[in-house]
>>> print(open('my_file30.cif').read())   # mmCIF, C-alpha atoms and all ligand atoms
data_query
loop_
_atom_site.group_PDB
_atom_site.id
_atom_site.type_symbol
_atom_site.label_atom_id
_atom_site.label_comp_id
_atom_site.auth_asym_id
_atom_site.auth_seq_id
_atom_site.Cartn_x
_atom_site.Cartn_y
_atom_site.Cartn_z
ATOM 1 C CA MET A 1 -25.734 248.719 179.917
ATOM 2 C CA ASN A 2 -29.454 248.083 179.642
ATOM 3 C CA PRO A 3 -31.094 250.570 182.001
ATOM 4 C CA ILE A 4 -34.274 249.392 183.703
ATOM 5 C CA THR A 5 -36.661 250.811 186.288
ATOM 6 C CA ILE A 6 -37.222 248.696 189.408
ATOM 7 C CA SER A 7 -40.401 249.125 191.428
ATOM 8 C CA ALA A 8 -40.431 247.248 194.766
ATOM 9 C CA SER A 9 -43.807 245.846 195.805
ATOM 10 C CA ILE A 10 -44.149 246.375 199.548
ATOM 11 C CA LEU A 11 -46.619 243.466 199.762
ATOM 12 C CA SER A 12 -43.684 241.273 200.839
ATOM 13 C CA ALA A 13 -42.035 243.822 203.126
ATOM 14 C CA ASN A 14 -41.389 242.980 206.741
ATOM 15 C CA TRP A 15 -43.832 245.364 208.368
ATOM 16 C CA ALA A 16 -42.114 245.257 211.755
ATOM 17 C CA ASN A 17 -39.122 247.054 210.160
ATOM 18 C CA PHE A 18 -40.878 248.760 207.286
ATOM 19 C CA ALA A 19 -39.146 252.164 207.359
ATOM 20 C CA ASP A 20 -35.671 250.608 207.727
ATOM 21 C CA GLN A 21 -36.284 248.328 204.763
ATOM 22 C CA ILE A 22 -37.406 251.209 202.565
ATOM 23 C CA HIS A 23 -34.329 253.219 203.495
ATOM 24 C CA ILE A 24 -32.016 250.265 202.749
ATOM 25 C CA ALA A 25 -33.731 249.804 199.375
ATOM 26 C CA GLU A 26 -33.402 253.522 198.657
ATOM 27 C CA GLU A 27 -29.684 253.451 199.410
ATOM 28 C CA GLY A 28 -29.403 250.293 197.291
ATOM 29 C CA GLY A 29 -30.606 252.235 194.249
ATOM 30 C CA LEU A 30 -34.300 251.372 194.137
ATOM 31 C CA ASP A 31 -36.257 253.509 191.632
ATOM 32 C CA TRP A 32 -39.915 253.311 192.722
ATOM 33 C CA ILE A 33 -42.116 251.912 195.494
ATOM 34 C CA HIS A 34 -45.009 249.749 194.188
ATOM 35 C CA VAL A 35 -48.130 249.809 196.356
ATOM 36 C CA ASP A 36 -50.615 246.974 195.725
ATOM 37 C CA VAL A 37 -54.162 247.931 196.706
ATOM 38 C CA MET A 38 -56.616 244.985 196.914
ATOM 39 C CA ASP A 39 -60.281 245.074 197.935
ATOM 40 C CA GLY A 40 -61.138 241.394 198.471
ATOM 41 C CA SER A 41 -63.591 241.595 195.567
ATOM 42 C CA PHE A 42 -61.768 242.472 192.337
ATOM 43 C CA VAL A 43 -59.083 240.103 193.669
ATOM 44 C CA PRO A 44 -59.471 237.533 196.471
ATOM 45 C CA ASN A 45 -57.026 239.245 198.841
ATOM 46 C CA ILE A 46 -57.314 242.421 200.953
ATOM 47 C CA SER A 47 -54.189 244.549 201.364
ATOM 48 C CA MET A 48 -53.755 248.266 201.988
ATOM 49 C CA GLY A 49 -55.349 251.647 201.355
ATOM 50 C CA PRO A 50 -54.515 255.381 201.276
ATOM 51 C CA PHE A 51 -53.446 255.353 204.918
ATOM 52 C CA ILE A 52 -50.441 253.111 204.192
ATOM 53 C CA LEU A 53 -49.629 255.137 201.088
ATOM 54 C CA LYS A 54 -49.493 258.262 203.226
ATOM 55 C CA THR A 55 -47.061 256.494 205.565
ATOM 56 C CA CYS A 56 -44.870 255.599 202.565
ATOM 57 C CA ARG A 57 -44.905 259.248 201.498
ATOM 58 C CA GLN A 58 -43.633 260.234 204.953
ATOM 59 C CA ILE A 59 -40.841 257.642 204.855
ATOM 60 C CA THR A 60 -39.435 258.215 201.350
ATOM 61 C CA ASN A 61 -39.204 260.652 198.462
ATOM 62 C CA LEU A 62 -39.097 257.821 195.905
ATOM 63 C CA PRO A 63 -41.942 257.867 193.358
ATOM 64 C CA LEU A 64 -44.993 255.947 194.622
ATOM 65 C CA ASP A 65 -46.316 253.610 191.921
ATOM 66 C CA VAL A 66 -49.843 252.610 192.975
ATOM 67 C CA HIS A 67 -51.560 249.524 191.519
ATOM 68 C CA LEU A 68 -55.304 249.518 192.190
ATOM 69 C CA MET A 69 -56.835 246.039 192.116
ATOM 70 C CA ILE A 70 -60.265 247.245 193.163
ATOM 71 C CA GLU A 71 -63.788 247.552 191.824
ATOM 72 C CA LYS A 72 -65.010 251.043 190.971
ATOM 73 C CA PRO A 73 -61.533 252.633 191.180
ATOM 74 C CA GLU A 74 -63.122 255.991 190.212
ATOM 75 C CA ARG A 75 -64.444 256.226 193.768
ATOM 76 C CA HIS A 76 -60.982 256.172 195.291
ATOM 77 C CA ILE A 77 -58.473 257.839 192.952
ATOM 78 C CA GLU A 78 -58.760 261.220 194.635
ATOM 79 C CA ALA A 79 -57.924 259.715 198.048
ATOM 80 C CA PHE A 80 -54.841 258.007 196.597
ATOM 81 C CA ALA A 81 -53.731 261.170 194.800
ATOM 82 C CA GLU A 82 -54.073 263.124 198.041
ATOM 83 C CA ALA A 83 -52.175 260.445 199.973
ATOM 84 C CA GLY A 84 -49.169 260.960 197.679
ATOM 85 C CA ALA A 85 -49.460 258.685 194.629
ATOM 86 C CA ASP A 86 -47.190 259.696 191.735
ATOM 87 C CA ARG A 87 -48.454 256.987 189.393
ATOM 88 C CA LEU A 88 -51.930 255.486 189.560
ATOM 89 C CA GLY A 89 -52.772 252.283 187.704
ATOM 90 C CA ILE A 90 -56.257 250.914 187.089
ATOM 91 C CA HIS A 91 -57.273 247.644 185.453
ATOM 92 C CA ILE A 92 -58.949 247.603 182.038
ATOM 93 C CA GLU A 93 -61.232 244.918 183.548
ATOM 94 C CA SER A 94 -62.360 247.210 186.390
ATOM 95 C CA GLY A 95 -65.544 248.500 184.780
ATOM 96 C CA PRO A 96 -67.150 250.670 182.121
ATOM 97 C CA ASN A 97 -65.527 253.992 183.122
ATOM 98 C CA VAL A 98 -61.866 253.281 182.474
ATOM 99 C CA TYR A 99 -61.440 256.011 179.825
ATOM 100 C CA ARG A 100 -62.895 258.682 182.085
ATOM 101 C CA THR A 101 -61.017 257.460 185.152
ATOM 102 C CA LEU A 102 -57.673 257.635 183.300
ATOM 103 C CA GLN A 103 -58.497 261.222 182.296
ATOM 104 C CA GLU A 104 -59.310 262.013 185.921
ATOM 105 C CA ILE A 105 -56.059 260.478 187.158
ATOM 106 C CA ARG A 106 -54.156 262.845 184.832
ATOM 107 C CA ALA A 107 -56.278 265.800 185.983
ATOM 108 C CA LEU A 108 -55.409 264.959 189.602
ATOM 109 C CA GLY A 109 -51.731 265.419 188.717
ATOM 110 C CA CYS A 110 -50.810 261.709 188.686
ATOM 111 C CA SER A 111 -49.328 259.668 185.869
ATOM 112 C CA PRO A 112 -51.911 257.151 184.522
ATOM 113 C CA THR A 113 -51.172 253.441 184.040
ATOM 114 C CA ILE A 114 -53.484 250.903 182.393
ATOM 115 C CA VAL A 115 -53.196 247.341 183.731
ATOM 116 C CA LEU A 116 -54.169 244.031 182.051
ATOM 117 C CA ASN A 117 -54.764 240.638 183.654
ATOM 118 C CA PRO A 118 -53.110 237.570 182.102
ATOM 119 C CA GLY A 119 -56.357 236.557 180.364
ATOM 120 C CA THR A 120 -57.054 239.972 178.828
ATOM 121 C CA PRO A 121 -55.966 240.580 175.218
ATOM 122 C CA ALA A 122 -53.626 243.412 174.175
ATOM 123 C CA GLN A 123 -56.242 244.888 171.829
ATOM 124 C CA SER A 124 -58.542 245.648 174.778
ATOM 125 C CA ILE A 125 -56.395 248.681 175.687
ATOM 126 C CA SER A 126 -56.131 250.033 172.147
ATOM 127 C CA SER A 127 -58.560 252.928 172.708
ATOM 128 C CA VAL A 128 -56.930 254.201 175.905
ATOM 129 C CA LEU A 129 -53.311 254.232 174.727
ATOM 130 C CA GLU A 130 -53.270 257.996 174.138
ATOM 131 C CA LEU A 131 -54.210 258.590 177.780
ATOM 132 C CA ILE A 132 -51.490 256.663 179.566
ATOM 133 C CA ASP A 133 -47.763 256.849 180.417
ATOM 134 C CA MET A 134 -47.378 253.167 181.290
ATOM 135 C CA VAL A 135 -48.937 249.786 180.467
ATOM 136 C CA LEU A 136 -48.709 247.179 183.234
ATOM 137 C CA VAL A 137 -48.908 243.627 181.919
ATOM 138 C CA MET A 138 -49.654 241.226 184.794
ATOM 139 C CA THR A 139 -47.380 238.200 184.591
ATOM 140 C CA VAL A 140 -49.334 236.378 187.347
ATOM 141 C CA ASN A 141 -53.009 236.410 188.297
ATOM 142 C CA PRO A 142 -53.328 239.469 190.551
ATOM 143 C CA GLY A 143 -53.940 239.002 194.259
ATOM 144 C CA PHE A 144 -50.836 237.557 195.873
ATOM 145 C CA SER A 145 -47.093 237.853 195.798
ATOM 146 C CA GLY A 146 -44.895 234.781 195.530
ATOM 147 C CA GLN A 147 -46.626 233.261 192.483
ATOM 148 C CA LYS A 148 -45.020 231.704 189.420
ATOM 149 C CA PHE A 149 -44.335 233.850 186.342
ATOM 150 C CA ILE A 150 -46.660 233.014 183.403
ATOM 151 C CA PRO A 151 -44.417 232.908 180.284
ATOM 152 C CA GLU A 152 -47.436 232.918 177.931
ATOM 153 C CA THR A 153 -47.931 236.628 178.762
ATOM 154 C CA MET A 154 -44.757 237.483 176.838
ATOM 155 C CA GLY A 155 -46.523 237.432 173.464
ATOM 156 C CA LYS A 156 -48.797 240.153 174.809
ATOM 157 C CA VAL A 157 -45.851 242.287 175.928
ATOM 158 C CA GLU A 158 -44.461 242.003 172.376
ATOM 159 C CA GLU A 159 -47.821 242.947 170.870
ATOM 160 C CA ILE A 160 -48.247 245.987 173.128
ATOM 161 C CA SER A 161 -44.696 247.009 172.369
ATOM 162 C CA ARG A 162 -45.585 247.028 168.648
ATOM 163 C CA MET A 163 -48.851 248.898 169.294
ATOM 164 C CA LEU A 164 -46.999 251.651 171.210
ATOM 165 C CA LYS A 165 -44.397 252.021 168.437
ATOM 166 C CA GLU A 166 -47.113 252.295 165.779
ATOM 167 C CA ARG A 167 -48.726 255.120 167.766
ATOM 168 C CA ASN A 168 -45.373 256.856 168.362
ATOM 169 C CA SER A 169 -46.113 256.545 172.073
ATOM 170 C CA ASN A 170 -43.411 257.039 174.698
ATOM 171 C CA ALA A 171 -45.354 254.943 177.214
ATOM 172 C CA ILE A 172 -43.288 252.252 178.892
ATOM 173 C CA ILE A 173 -44.237 248.638 179.591
ATOM 174 C CA GLN A 174 -44.136 247.374 183.169
ATOM 175 C CA VAL A 175 -44.418 243.717 184.197
ATOM 176 C CA ASP A 176 -45.562 242.504 187.614
ATOM 177 C CA GLY A 177 -45.550 239.023 189.132
ATOM 178 C CA GLY A 178 -42.884 236.350 189.466
ATOM 179 C CA ILE A 179 -40.130 238.699 188.284
ATOM 180 C CA SER A 180 -36.642 237.509 189.235
ATOM 181 C CA GLN A 181 -33.176 237.483 187.726
ATOM 182 C CA ASP A 182 -34.305 234.335 185.848
ATOM 183 C CA THR A 183 -37.543 235.682 184.343
ATOM 184 C CA LEU A 184 -36.543 239.329 183.797
ATOM 185 C CA PRO A 185 -34.541 238.660 180.576
ATOM 186 C CA GLN A 186 -37.575 237.211 178.744
ATOM 187 C CA ALA A 187 -39.707 240.199 179.696
ATOM 188 C CA TYR A 188 -36.947 242.645 178.750
ATOM 189 C CA LYS A 189 -36.527 241.013 175.328
ATOM 190 C CA ALA A 190 -40.297 241.210 174.803
ATOM 191 C CA GLY A 191 -40.195 244.978 175.436
ATOM 192 C CA ALA A 192 -40.690 245.549 179.189
ATOM 193 C CA ARG A 193 -38.457 248.188 180.785
ATOM 194 C CA CYS A 194 -40.004 248.537 184.231
ATOM 195 C CA PHE A 195 -40.016 245.578 186.625
ATOM 196 C CA VAL A 196 -42.135 245.124 189.737
ATOM 197 C CA SER A 197 -40.951 242.642 192.307
ATOM 198 C CA ALA A 198 -41.856 241.750 195.870
ATOM 199 C CA THR A 199 -40.343 238.331 196.609
ATOM 200 C CA SER A 200 -37.035 238.674 194.772
ATOM 201 C CA LEU A 201 -36.312 241.973 196.551
ATOM 202 C CA PHE A 202 -37.767 241.812 200.081
ATOM 203 C CA LYS A 203 -37.080 238.083 200.425
ATOM 204 C CA TYR A 204 -33.754 237.997 198.590
ATOM 205 C CA THR A 205 -31.294 235.868 200.590
ATOM 206 C CA ASP A 206 -28.529 238.489 200.687
ATOM 207 C CA GLY A 207 -30.856 241.408 201.364
ATOM 208 C CA ILE A 208 -32.835 243.967 199.384
ATOM 209 C CA ALA A 209 -29.858 245.923 198.029
ATOM 210 C CA ALA A 210 -28.333 242.707 196.627
ATOM 211 C CA GLY A 211 -31.734 241.813 195.134
ATOM 212 C CA ILE A 212 -31.882 245.156 193.306
ATOM 213 C CA GLN A 213 -28.354 244.627 192.012
ATOM 214 C CA ALA A 214 -29.189 241.085 190.846
ATOM 215 C CA LEU A 215 -32.054 242.403 188.682
ATOM 216 C CA ARG A 216 -29.859 245.154 187.179
ATOM 217 C CA THR A 217 -27.093 242.636 186.442
ATOM 218 C CA ALA A 218 -29.611 240.302 184.769
ATOM 219 C CA ALA A 219 -30.705 243.186 182.508
ATOM 220 C CA ASP A 220 -27.145 244.244 181.720
ATOM 221 C CA GLN A 221 -26.197 240.733 180.609
ATOM 222 C CA ILE A 222 -28.815 240.756 177.855
ATOM 223 C CA LYS A 223 -27.136 241.108 174.450
HETATM 224 C C1 LIG B 1 -49.815 240.781 192.612
HETATM 225 C C2 LIG B 1 -49.170 242.119 192.821
HETATM 226 C C3 LIG B 1 -47.699 242.109 192.702
HETATM 227 C C4 LIG B 1 -47.001 241.205 193.685
HETATM 228 C C5 LIG B 1 -45.688 240.782 193.095
HETATM 229 O O1 LIG B 1 -51.178 240.942 192.544
HETATM 230 O O2 LIG B 1 -49.668 243.060 191.870
HETATM 231 O O3 LIG B 1 -47.150 243.417 192.729
HETATM 232 O O4 LIG B 1 -46.783 241.796 194.934
HETATM 233 O O5 LIG B 1 -45.112 239.815 193.916
HETATM 234 P P1 LIG B 1 -43.959 238.838 193.418
HETATM 235 O O6 LIG B 1 -42.824 239.691 192.932
HETATM 236 O O7 LIG B 1 -43.624 238.049 194.643
HETATM 237 O O8 LIG B 1 -44.549 238.009 192.331
HETATM 238 ZN ZN ZN B 2 -48.718 245.062 191.620
#
>>> encode(input="my_file30.cif", output="structure tokens")
Amino acid sequence: MNPITISASILSANWANFADQIHIAEEGGLDWIHVDVMDGSFVPNISMGPFILKTCRQITNLPLDVHLMIEKPERHIEAFAEAGADRLGIHIESGPNVYRTLQEIRALGCSPTIVLNPGTPAQSISSVLELIDMVLVMTVNPGFSGQKFIPETMGKVEEISRMLKERNSNAIIQVDGGISQDTLPQAYKAGARCFVSATSLFKYTDGIAAGIQALRTAADQIK
């Protein structure tokens, strides 16, 4: 058994049946709900804000794993904490106040995550490692679901894995973008233990519960 944490990105959910889908995923053993917040500026797309997060909180007790792809995230973290975020992730590329914002996320009672784009080196997060519980390595360019996994990001997952060990950190590595039963093994071997997926869960041919099971089986088959 190779236990993993699965966080379902609701970006690909069918919004006409949103609550039903979340309940099916919950019964199928989903661990976390991943909420992708996009402002049309930090990334080209616009998605959802605290209002949707609040709706998620009403629908499920699963941990809400919030990924902020926005400029000036410090302006909005309180609203997301109040709306029910359990984990709040900000990008290292989001501005000059990342250290302070991570401290504030912790002070708001949320678990801080630092996120890196595919083009951002591992060393860029070195000075914030003591502040975080999770590192999210983007395995696609942020902005859209349904993109192709970038295998070149795996070297960075390995490097961050080494950095965390050297610091005796218990922080876990999450990967996000193009994760499927085919790509998960590479990311697992590189050191990732938490997997975000939209397409291979909400659009899985045999349904969300089967999609969750397929990812767990892929992890368990790794020797
Ligand atoms: C991309 C988002 C991802 C996205 C993943 O910017 O952060 O969470 O929804 O979608 P898939 O799993 O389809 O690549
Ligand atoms: Zn995401």
>>> residues_near_ligand(input="my_file30.cif", ligand="ligand ZN 2 (chain B)", cutoff="7 Å", atoms="all atoms listed in the file", output="count of residues only")
7
>>> atom_distance(input="my_file30.cif", atom1="CA of Ala85 in chain A", atom2="CA of Gly119 in chain A")
27.2 Å
>>> residues_around(input="my_file30.cif", residues="Leu30 in chain A", least_positions_apart="2", cutoff="7 Å", atoms="all atoms listed in the file", output="PyMOL selection string")
chain A and resi 6+25-26+28+32+212
>>> write_last_selection(input="my_file30.cif", atoms="C-alpha atoms", output="PDB file, keeping the file's coordinate frame")
ATOM      1  CA  ILE A   6     -37.222 248.696 189.408  1.00  0.00           C
ATOM      2  CA  ALA A  25     -33.731 249.804 199.375  1.00  0.00           C
ATOM      3  CA  GLU A  26     -33.402 253.522 198.657  1.00  0.00           C
ATOM      4  CA  GLY A  28     -29.403 250.293 197.291  1.00  0.00           C
ATOM      5  CA  TRP A  32     -39.915 253.311 192.722  1.00  0.00           C
ATOM      6  CA  ILE A 212     -31.882 245.156 193.306  1.00  0.00           C
TER       7      ILE A 212
END
>>> residues_near_ligand(input="my_file30.cif", ligand="ligand LIG 1 (chain B)", cutoff="6 Å", atoms="all atoms listed in the file", output="ChimeraX atom specification")
/A:9,11,36,142-147,176-179,197-199
>>> closest_residue(input="my_file30.cif", among="A:Gln181, A:Asn14, A:Asn2, A:Ser111", to="Ala210 in chain A", atoms="all atoms listed in the file")
A:Gln181
>>> decode(input="my_file30.cif", residues="range 105-129 of chain A", atoms="N, CA and C atoms", output="JSON list (two decimals), in the first residue's frame")
[["chain", "number", "residue", "atom", "x", "y", "z"],
["A", 105, "ILE", "N", -1.75, 33.69, 6.99],
["A", 105, "ILE", "CA", -2.62, 32.53, 6.73],
["A", 105, "ILE", "C", -2.63, 31.63, 7.97],
["A", 106, "ARG", "N", -1.45, 31.40, 8.53],
["A", 106, "ARG", "CA", -1.35, 30.57, 9.76],
["A", 106, "ARG", "C", -2.12, 31.25, 10.91],
["A", 107, "ALA", "N", -1.95, 32.56, 11.04],
["A", 107, "ALA", "CA", -2.61, 33.28, 12.13],
["A", 107, "ALA", "C", -4.14, 33.25, 11.99],
["A", 108, "LEU", "N", -4.61, 33.11, 10.76],
["A", 108, "LEU", "CA", -6.06, 33.03, 10.52],
["A", 108, "LEU", "C", -6.60, 31.63, 10.82],
["A", 109, "GLY", "N", -5.71, 30.70, 11.17],
["A", 109, "GLY", "CA", -6.15, 29.35, 11.53],
["A", 109, "GLY", "C", -6.17, 28.39, 10.35],
["A", 110, "CYS", "N", -5.58, 28.80, 9.22],
["A", 110, "CYS", "CA", -5.52, 27.92, 8.04],
["A", 110, "CYS", "C", -4.10, 27.34, 7.90],
["A", 111, "SER", "N", -4.01, 26.27, 7.14],
["A", 111, "SER", "CA", -2.73, 25.63, 6.90],
["A", 111, "SER", "C", -2.11, 26.23, 5.62],
["A", 112, "PRO", "N", -0.90, 26.82, 5.71],
["A", 112, "PRO", "CA", -0.33, 27.51, 4.55],
["A", 112, "PRO", "C", 0.37, 26.58, 3.54],
["A", 113, "THR", "N", 0.11, 26.86, 2.27],
["A", 113, "THR", "CA", 0.77, 26.16, 1.16],
["A", 113, "THR", "C", 1.50, 27.19, 0.30],
["A", 114, "ILE", "N", 2.73, 26.86, -0.12],
["A", 114, "ILE", "CA", 3.41, 27.72, -1.11],
["A", 114, "ILE", "C", 3.36, 27.00, -2.47],
["A", 115, "VAL", "N", 3.05, 27.76, -3.52],
["A", 115, "VAL", "CA", 2.85, 27.18, -4.85],
["A", 115, "VAL", "C", 3.89, 27.74, -5.82],
["A", 116, "LEU", "N", 4.41, 26.89, -6.72],
["A", 116, "LEU", "CA", 5.38, 27.32, -7.73],
["A", 116, "LEU", "C", 4.89, 26.99, -9.14],
["A", 117, "ASN", "N", 5.03, 27.95, -10.03],
["A", 117, "ASN", "CA", 4.73, 27.72, -11.45],
["A", 117, "ASN", "C", 5.81, 26.84, -12.09],
["A", 118, "PRO", "N", 5.51, 26.25, -13.24],
["A", 118, "PRO", "CA", 6.50, 25.37, -13.88],
["A", 118, "PRO", "C", 7.85, 26.06, -14.14],
["A", 119, "GLY", "N", 7.84, 27.35, -14.42],
["A", 119, "GLY", "CA", 9.10, 28.03, -14.74],
["A", 119, "GLY", "C", 9.86, 28.57, -13.54],
["A", 120, "THR", "N", 9.36, 28.33, -12.34],
["A", 120, "THR", "CA", 9.97, 28.90, -11.13],
["A", 120, "THR", "C", 10.85, 27.86, -10.44],
["A", 121, "PRO", "N", 12.12, 28.22, -10.14],
["A", 121, "PRO", "CA", 13.03, 27.22, -9.56],
["A", 121, "PRO", "C", 12.72, 26.86, -8.11],
["A", 122, "ALA", "N", 13.10, 25.66, -7.72],
["A", 122, "ALA", "CA", 12.88, 25.16, -6.36],
["A", 122, "ALA", "C", 13.48, 26.09, -5.31],
["A", 123, "GLN", "N", 14.67, 26.62, -5.61],
["A", 123, "GLN", "CA", 15.37, 27.45, -4.61],
["A", 123, "GLN", "C", 14.60, 28.71, -4.22],
["A", 124, "SER", "N", 13.67, 29.13, -5.08],
["A", 124, "SER", "CA", 12.92, 30.37, -4.81],
["A", 124, "SER", "C", 12.07, 30.27, -3.54],
["A", 125, "ILE", "N", 11.76, 29.04, -3.09],
["A", 125, "ILE", "CA", 10.92, 28.90, -1.90],
["A", 125, "ILE", "C", 11.74, 28.58, -0.64],
["A", 126, "SER", "N", 13.06, 28.56, -0.81],
["A", 126, "SER", "CA", 13.93, 28.14, 0.29],
["A", 126, "SER", "C", 13.64, 28.91, 1.59],
["A", 127, "SER", "N", 13.45, 30.23, 1.49],
["A", 127, "SER", "CA", 13.31, 31.03, 2.72],
["A", 127, "SER", "C", 11.90, 31.01, 3.33],
["A", 128, "VAL", "N", 10.96, 30.33, 2.70],
["A", 128, "VAL", "CA", 9.63, 30.26, 3.33],
["A", 128, "VAL", "C", 9.29, 28.85, 3.82],
["A", 129, "LEU", "N", 10.24, 27.92, 3.66],
["A", 129, "LEU", "CA", 9.93, 26.52, 3.98],
["A", 129, "LEU", "C", 9.50, 26.29, 5.43]]
